[in-house]
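Read the structure below first, then the notes.
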Number of protein chains: 2
Amino acid sequence: MAEPGPAFDVDDPVLARAAWSRIAEPGDQVAGALVTHLGAGDALAWLYDAATGTSPVVPRRLEQHPERPSVGRVQRAVERWRGRLATLDPGRELRALDRLGGALLVPGDPRWPTAVDDLGDAAPLALWVRGETDLGDLARRSVALVGARACTEYGRHVAADLASGLVDRRFTIVSGGAYGIDAAAHRGAIAARGRTVAFLAGGVDRLYPAGNTDLLQAVLDEGSIVSEVPPGSVPSRVRFLQRNRLIAAFSRATVVVEAAWRSGALSTATHASALLRPVGAVPGPVTSMASGGCHQLLREAKAVCVTDADEAAELAGDVGTDAPTPRAGRPAPQDDLDELGRRLWDALPLRAHAAVDSVARAAGLGLDETLGGLGHLELAGLAEQSGGRWRQAARPPQRVGSTVRRG
Amino acid sequence: MAEPGPAFDVDDPVLARAAWSRIAEPGDQVAGALVTHLGAGDALAWLYDAATGTSPVVPRRLEQHPERPSVGRVQRAVERWRGRLATLDPGRELRALDRLGGALLVPGDPRWPTAVDDLGDAAPLALWVRGETDLGDLARRSVALVGARACTEYGRHVAADLASGLVDRRFTIVSGGAYGIDAAAHRGAIAARGRTVAFLAGGVDRLYPAGNTDLLQAVLDEGSIVSEVPPGSVPSRVRFLQRNRLIAAFSRATVVVEAAWRSGALSTATHASALLRPVGAVPGPVTSMASGGCHQLLREAKAVCVTDADEAAELAGDVGTDAPTPRAGRPAPQDDLDELGRRLWDALPLRAHAAVDSVARAAGLGLDETLGGLGHLELAGLAEQSGGRWRQAARPPQRVGSTVRRG
């Protein structure tokens with residue numbers, strides 16, 4: 001089956017990468033290996049030859065690749081790419097992107113988010129971006145909030161809450177633009193006037209799903225919409241799953257807000273783990289199917305329990321500056337007492353005053369210990385006496401930090 | 001301050017242990033060391049002498065104890081015990097227990113729950129029991145379900161559910177007889193016609209708290225009520241905290257169902273951890289303060305995430321026999337497809353049939369791969385053709401286990 005030669009300049013690296021992102025499906029590791037080792041233009045020239053049967057099947061330069069694909073794998077790849085060569089026109093797609101105000105990013109561009117290169121041969125061949133195009137800057141301090149489309153009001157609430165709390169801590173919120181948790185995360189970020197990035201499974205020309213058009217338009221205004229497939233591409237199931245790997249690689253950490261047992265959001269967590277990115281999971285009621293996947297991540301120690309924005313920031317942030325604020329709880333003045341002081345304090349009546357020997361018996365303490373201890377409690381403002389009889393102080397001091405002050 | 005000699009036979013080990021459980025507060029390690037190394041009777045005789053000042057301060061036999069208490073600690077202990085010697089009458093307390101149909105257990109009794117001996121010097125000196133007295137048998141297969149008094153409807157529901165599910169798996173439910181989670185756990189066990197044990201902070205003659213009298217009466221009928229302090233003893237804060245260590249030591253595993261940040265239930269978890277017993281925590285909504293302590297246990301990896309009775313049984317049960325049933329999720333027939341099969345299946349239309357080359361393009365696959373793959377899908381009952389055009393099967397087969405069968 002003879003193919004015509006390329007109708008564009010394969011030596012233009014942007015055009016060549018754009019063409020490859022149309023030829024190969026996201027995550028195609030044979031394409032990744034070829035483009036990395038030959039360069040996008042030479043790989044394309046090789047492919048045109050291979051598709052017409054005039055070139056050796058595996059390019060010689062691929063032989064240095066430690067995990068080079070087998071001959072059979074390369075042949076099958078050429079077979080599946082061949083059908084897309086005839087209609088290839090990256091220039092038209094780039095003009096379409098340009099009309100939308102977008103930009104195509106390729107590795108080497110200063111705006112390229114280098115974190116995605118951790119995907120190796122499965123790294124994206126190019127990124128089609130609308131909105132803010134400096135993805136490197138957006139990725140630097142970012143958290144992915146992902147979860148089920150079929151979420152509950154609880155999940156929606158927590159996602160929006162985490163997003164706005166993370167925006168307050170200057171994080172970018174990354175998600176997939178889908179219904180449910182994704183939408184709530186983007187919305188929370190926008191409401192807090194923060195930056196947010198939506199990775200789409202189809203082309204950036206269609207704001208899919210249709211019900212989220214207004215939301216995705218707002219995402220465009222406050223951040224970016226990104227895809228690794230060219231404008232005009234439809235979102236398929238495979239592209240949804242591959243999109244998850246991209247969210248995981250792009251973000252500093254991934255938090256699964258709500259996900260049932262078989263939710264696709266769990267695949268994002270799995271990708272993040274494989275890339276050694278921190279993973280968090282938000283717990284929920286055990287009676288809610290929608291939290292089943294999160295609980296499984298926690299049970300299998302594949303995720304850290306995340307209950308608020310502080311804890312999410314700790315996962316994704318810089319050691320030291322993003323450590324969570326210690327919880328205050330509700331400290332009580334008697335918390336600082338030692339075992340004997342505590343026993344004595346518990347033995348003191350609240351209202352009527354009691355004689356020392358009765359306090360000693362109630363506390364199970366000796367008389368000397370009791371007298372000494374009561375003196376300490378009085379000094380700390382925790383006990384008061386009247387005519388040698390004792391009770392708990394009516395107005396104990398406020399506890400501030402770990403010191404006891406008079407109220 | 002001279003004390004009269006004992007008004008009972010100190011050489012009777014049951015009477016002597018009964019007396020010690022009145023003299024020393026629960027968890028008093030000096031008392032534990034003395035009773036263990038001298039025997040309860042000799043320790044008591046020594047104490048009477050020490051209290052009148054006629055015996056050496058630290059008994060010689062204690063010198064072999066690797067962690068023997070210091071002279072000062074023993075002297076302070078004698079000081080706090082002295083006040084209780086005058087009113088000591090273990091025979092009367094034993095007769096009171098007898099009238100209630102109970103029994104006093106001491107180490108060596110075949111019914112003694114040897115698990116509590118893991119507490120070392122802090123082990124209980126005796127256990128006052130009403131109801132079923134074979135605590136060893138009750139402990140053998142047991143789970144403690146603990147949590148906050150101030151619980152939510154959610155916590156109550158989960159506690160009762162876990163209790164009845166664990167009863168179905170032949171576990172004894174252990175708790176503290178308090179309001180809230182404790183009560184729900186006991187109730188769930190009784191409703192499922194199982195055995196349950198309540199450890200009280202006060203004497204077993206008073207079914208405390210008063211609002212739980214009917215429940216505790218039912219616990220008595222279906223299991224046991226246990227205390228380490230004699231009848232007539234009041235529940236104090238110190239005794240509540242020490243009671244928690246006993247629940248943790250007695251049970252094979254401890255599950256915290258609902259607990260806020262400063263809940264006493266967390267102390268039970270801490271004791272269980274220190275004793276190397278498995279600890280579980282039930283997650284809940286992050287918006288609920290009542291689950292804050294559970295989430296903290298999960299975050300600090302001090303507890304395993306427990307969402308149902310299977311998972312609780314796995315913590316407390318025997319390896320192998322109590323492994324949880326794997327979750328079925330909602331398997332779909334296409335789950336068993338490989339990457340290419342999946343890609344092809346996703347590319348097939350649901351209703352109208354499509355030509356092979358259009359399917360190949362949509363899937364991003366070669367023609368040969370597509371034809372071969374469609375044949376496999378047809379064999380598996382997942383695709384159907386009409387005049388060489390293809391679509392997804394209208395009625396795909398049911399997936400059973402990991403095999404695909406025709407529907």
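Note on naming: chains are A, B, ... as they come in the structure tokens, residues start from 1 per chain, ligands start from 1 in the order shown.
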
Write out, as a tab-separated table, each residue of chain A that has an atom at most 6 Å from chain B, together with the closest pair of atoms and their distance in Å to one decimal, counting only C-alpha atoms, rows going by chain and rising number.
residue	atom	partner	partner_atom	distance
A:Glu79	CA	B:Gly366	CA	4.5
A:Arg80	CA	B:Gly366	CA	3.4
A:Pro283	CA	B:Pro283	CA	5.7
A:Gly284	CA	B:Pro285	CA	4.3
A:Pro285	CA	B:Gly284	CA	4.3
A:Val286	CA	B:Thr307	CA	5.3
A:Arg299	CA	B:Cys305	CA	5.0
A:Cys305	CA	B:Arg299	CA	5.0
A:Thr307	CA	B:Val286	CA	5.3
A:Gly364	CA	B:Arg80	CA	5.8
A:Leu365	CA	B:Arg80	CA	3.9
A:Gly366	CA	B:Arg80	CA	3.3

Dump as CSV the rows for residues of segment 72-177 of chain A within 12 Å of segment 207-216 of chain A: closest atom pair and distance in Å with one decimal, only C-alpha atoms counted, ordered by chain and rising residue number.
residue,atom,partner,partner_atom,distance
A:Leu100,CA,A:Leu207,CA,12.0
A:Arg130,CA,A:Leu216,CA,10.8
A:Gly131,CA,A:Leu216,CA,10.6
A:Arg149,CA,A:Pro209,CA,11.4
A:Ser175,CA,A:Leu216,CA,11.2
A:Gly176,CA,A:Tyr208,CA,10.2
A:Gly177,CA,A:Leu216,CA,6.9

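The shortest atom-to-atom distance to Ala19 of chain A, with only C-alpha atoms taken into account, belongs to A:Glu228 out of A:Asp182, A:Asp205, A:Glu67, A:Glu228.
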
Which residues come within 12 Å of Ile173 of chain A, counting only C-alpha atoms, excluding same-chain residues fewer than 6 positions away, as a PyMOL selection string?
chain A and resi 138-146+159-167+182-199+219+222-224+247+250-255+309+312-313+316

Go ahead and save the residues from that selection, with N, CA and C atoms, as a short mmCIF file (atom, residue, chain, number, x, y, z; two decimals), in the first residue's frame.
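Result went into result-v9.cif, see below:
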data_model
loop_
_atom_site.label_atom_id
_atom_site.label_comp_id
_atom_site.auth_asym_id
_atom_site.auth_seq_id
_atom_site.Cartn_x
_atom_site.Cartn_y
_atom_site.Cartn_z
N LEU A 138 2.83 26.50 35.64
CA LEU A 138 1.62 26.00 36.30
C LEU A 138 1.89 24.69 37.06
N ALA A 139 2.82 23.89 36.53
CA ALA A 139 3.08 22.58 37.15
C ALA A 139 3.91 22.69 38.41
N ARG A 140 4.69 23.75 38.51
CA ARG A 140 5.71 23.84 39.56
C ARG A 140 5.13 23.60 40.95
N ARG A 141 3.96 24.15 41.19
CA ARG A 141 3.32 24.03 42.50
C ARG A 141 1.88 23.63 42.22
N SER A 142 1.65 22.32 42.10
CA SER A 142 0.36 21.84 41.60
C SER A 142 -0.11 20.59 42.34
N VAL A 143 -1.40 20.47 42.47
CA VAL A 143 -2.00 19.27 43.05
C VAL A 143 -3.12 18.81 42.12
N ALA A 144 -3.14 17.52 41.79
CA ALA A 144 -4.25 16.97 41.03
C ALA A 144 -5.33 16.54 42.01
N LEU A 145 -6.55 17.03 41.79
CA LEU A 145 -7.71 16.57 42.56
C LEU A 145 -8.58 15.78 41.60
N VAL A 146 -8.69 14.49 41.82
CA VAL A 146 -9.41 13.66 40.87
C VAL A 146 -10.44 12.82 41.62
N ALA A 159 -14.18 18.35 47.47
CA ALA A 159 -13.31 18.70 46.35
C ALA A 159 -13.20 20.22 46.21
N ALA A 160 -14.34 20.91 46.29
CA ALA A 160 -14.34 22.36 46.14
C ALA A 160 -13.57 23.01 47.29
N ASP A 161 -13.75 22.45 48.48
CA ASP A 161 -13.10 22.95 49.67
C ASP A 161 -11.57 22.79 49.61
N LEU A 162 -11.14 21.60 49.20
CA LEU A 162 -9.71 21.34 49.06
C LEU A 162 -9.12 22.28 48.00
N ALA A 163 -9.84 22.42 46.87
CA ALA A 163 -9.33 23.25 45.78
C ALA A 163 -9.14 24.68 46.25
N SER A 164 -10.15 25.23 46.94
CA SER A 164 -10.00 26.64 47.32
C SER A 164 -8.94 26.78 48.41
N GLY A 165 -8.85 25.80 49.30
CA GLY A 165 -7.81 25.85 50.34
C GLY A 165 -6.41 25.75 49.74
N LEU A 166 -6.26 24.95 48.69
CA LEU A 166 -4.95 24.81 48.05
C LEU A 166 -4.60 26.06 47.24
N VAL A 167 -5.63 26.69 46.66
CA VAL A 167 -5.40 27.95 45.95
C VAL A 167 -4.88 29.00 46.94
N ASP A 182 -14.07 16.18 39.30
CA ASP A 182 -13.24 17.05 38.47
C ASP A 182 -13.84 18.46 38.40
N ALA A 183 -15.13 18.50 38.06
CA ALA A 183 -15.79 19.79 37.90
C ALA A 183 -15.78 20.57 39.22
N ALA A 184 -16.03 19.88 40.32
CA ALA A 184 -16.04 20.55 41.63
C ALA A 184 -14.67 21.12 41.96
N ALA A 185 -13.62 20.39 41.60
CA ALA A 185 -12.25 20.85 41.87
C ALA A 185 -11.95 22.11 41.05
N HIS A 186 -12.25 22.07 39.74
CA HIS A 186 -12.03 23.26 38.91
C HIS A 186 -12.84 24.44 39.44
N ARG A 187 -14.12 24.17 39.77
CA ARG A 187 -15.00 25.24 40.26
C ARG A 187 -14.45 25.86 41.54
N GLY A 188 -13.99 25.00 42.46
CA GLY A 188 -13.45 25.49 43.73
C GLY A 188 -12.25 26.39 43.50
N ALA A 189 -11.41 26.00 42.55
CA ALA A 189 -10.21 26.80 42.26
C ALA A 189 -10.60 28.15 41.68
N ILE A 190 -11.56 28.12 40.74
CA ILE A 190 -11.98 29.37 40.09
C ILE A 190 -12.65 30.30 41.10
N ALA A 191 -13.50 29.72 41.97
CA ALA A 191 -14.18 30.53 42.98
C ALA A 191 -13.18 31.21 43.90
N ALA A 192 -12.04 30.56 44.14
CA ALA A 192 -11.02 31.14 45.02
C ALA A 192 -10.05 32.01 44.23
N ARG A 193 -10.39 32.27 42.94
CA ARG A 193 -9.56 33.10 42.06
C ARG A 193 -8.15 32.52 41.91
N GLY A 194 -8.10 31.19 41.77
CA GLY A 194 -6.81 30.54 41.58
C GLY A 194 -6.63 30.03 40.17
N ARG A 195 -5.52 29.38 39.92
CA ARG A 195 -5.23 28.84 38.59
C ARG A 195 -5.57 27.35 38.55
N THR A 196 -6.10 26.91 37.41
CA THR A 196 -6.49 25.51 37.31
C THR A 196 -6.25 25.02 35.88
N VAL A 197 -5.90 23.75 35.75
CA VAL A 197 -5.57 23.15 34.46
C VAL A 197 -6.45 21.94 34.24
N ALA A 198 -7.11 21.88 33.06
CA ALA A 198 -7.92 20.71 32.72
C ALA A 198 -7.25 19.95 31.58
N PHE A 199 -6.94 18.67 31.82
CA PHE A 199 -6.41 17.82 30.76
C PHE A 199 -7.59 17.10 30.10
N VAL A 219 -12.33 27.78 33.02
CA VAL A 219 -10.99 27.23 33.24
C VAL A 219 -10.00 27.90 32.28
N GLU A 222 -8.97 31.23 33.51
CA GLU A 222 -8.19 31.27 34.77
C GLU A 222 -6.98 30.35 34.73
N GLY A 223 -6.81 29.63 33.62
CA GLY A 223 -5.70 28.69 33.58
C GLY A 223 -5.57 28.11 32.19
N SER A 224 -5.52 26.78 32.09
CA SER A 224 -5.27 26.16 30.80
C SER A 224 -6.14 24.94 30.58
N ILE A 247 -2.15 13.53 33.90
CA ILE A 247 -2.49 14.30 35.10
C ILE A 247 -1.56 13.92 36.24
N PHE A 250 2.08 15.26 35.51
CA PHE A 250 2.16 16.72 35.51
C PHE A 250 2.19 17.28 36.92
N SER A 251 1.41 16.66 37.83
CA SER A 251 1.17 17.26 39.15
C SER A 251 2.19 16.78 40.18
N ARG A 252 2.45 17.64 41.15
CA ARG A 252 3.39 17.30 42.22
C ARG A 252 2.83 16.19 43.10
N ALA A 253 1.50 16.16 43.26
CA ALA A 253 0.85 15.13 44.06
C ALA A 253 -0.56 14.93 43.53
N THR A 254 -1.12 13.77 43.79
CA THR A 254 -2.49 13.47 43.35
C THR A 254 -3.32 13.09 44.57
N VAL A 255 -4.49 13.72 44.70
CA VAL A 255 -5.40 13.38 45.79
C VAL A 255 -6.71 12.86 45.18
N ALA A 309 -7.06 20.89 53.34
CA ALA A 309 -6.11 21.48 52.40
C ALA A 309 -4.70 21.50 52.97
N ALA A 312 -3.25 18.18 52.23
CA ALA A 312 -2.97 18.03 50.80
C ALA A 312 -1.74 18.83 50.42
N ALA A 313 -1.61 20.03 50.99
CA ALA A 313 -0.46 20.88 50.69
C ALA A 313 0.83 20.23 51.20
N ALA A 316 2.10 17.84 48.57
CA ALA A 316 2.59 18.37 47.30
C ALA A 316 3.64 19.44 47.47
#

Might you pull out every residue within 12 Å of Pro231 of chain A, with only C-alpha atoms counted and same-chain residues fewer than 2 positions away left off, and present them as a PyMOL selection string?
chain A and resi 18-19+21-22+89-100+102-104+127-130+200-207+225-229+233-235

Suppose we keep C-alpha atoms; can you now write the selection as a short mmCIF file (atom, residue, chain, number, x, y, z; two decimals), in the first residue's frame?
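Below you can see selection24.cif, which holds the result:
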data_model
loop_
_atom_site.label_atom_id
_atom_site.label_comp_id
_atom_site.auth_asym_id
_atom_site.auth_seq_id
_atom_site.Cartn_x
_atom_site.Cartn_y
_atom_site.Cartn_z
CA ALA A 18 2.23 17.85 15.78
CA ALA A 19 2.01 15.18 13.07
CA SER A 21 0.52 13.46 18.01
CA ARG A 22 -2.07 12.75 15.30
CA ASP A 89 -2.11 17.89 7.82
CA PRO A 90 -0.51 19.31 11.01
CA GLY A 91 -0.34 22.80 9.51
CA ARG A 92 -4.12 22.94 9.31
CA GLU A 93 -4.44 21.78 12.94
CA LEU A 94 -1.88 24.33 14.10
CA ARG A 95 -3.79 27.08 12.30
CA ALA A 96 -6.99 25.87 14.00
CA LEU A 97 -5.25 26.06 17.39
CA ASP A 98 -3.89 29.50 16.54
CA ARG A 99 -7.40 30.75 15.77
CA LEU A 100 -8.38 29.55 19.28
CA GLY A 102 -3.62 28.38 21.74
CA ALA A 103 -0.06 27.12 21.37
CA LEU A 104 1.58 23.79 20.68
CA LEU A 127 0.86 19.28 24.18
CA TRP A 128 -1.93 21.31 22.59
CA VAL A 129 -2.69 24.16 25.00
CA ARG A 130 -5.34 26.86 25.22
CA LEU A 200 -8.91 16.73 28.09
CA ALA A 201 -9.07 13.30 26.43
CA GLY A 202 -10.15 14.83 23.09
CA GLY A 203 -8.99 17.92 21.21
CA VAL A 204 -8.92 21.33 22.93
CA ASP A 205 -11.28 22.73 20.25
CA ARG A 206 -14.23 20.91 21.78
CA LEU A 207 -15.00 21.70 25.40
CA ILE A 225 -6.94 23.44 28.83
CA VAL A 226 -4.47 20.86 27.58
CA SER A 227 -4.59 17.79 25.35
CA GLU A 228 -2.00 15.56 23.74
CA VAL A 229 -4.21 14.90 20.73
CA SER A 233 -9.79 14.42 17.97
CA VAL A 234 -12.65 12.65 19.71
CA PRO A 235 -12.32 11.51 23.34
#
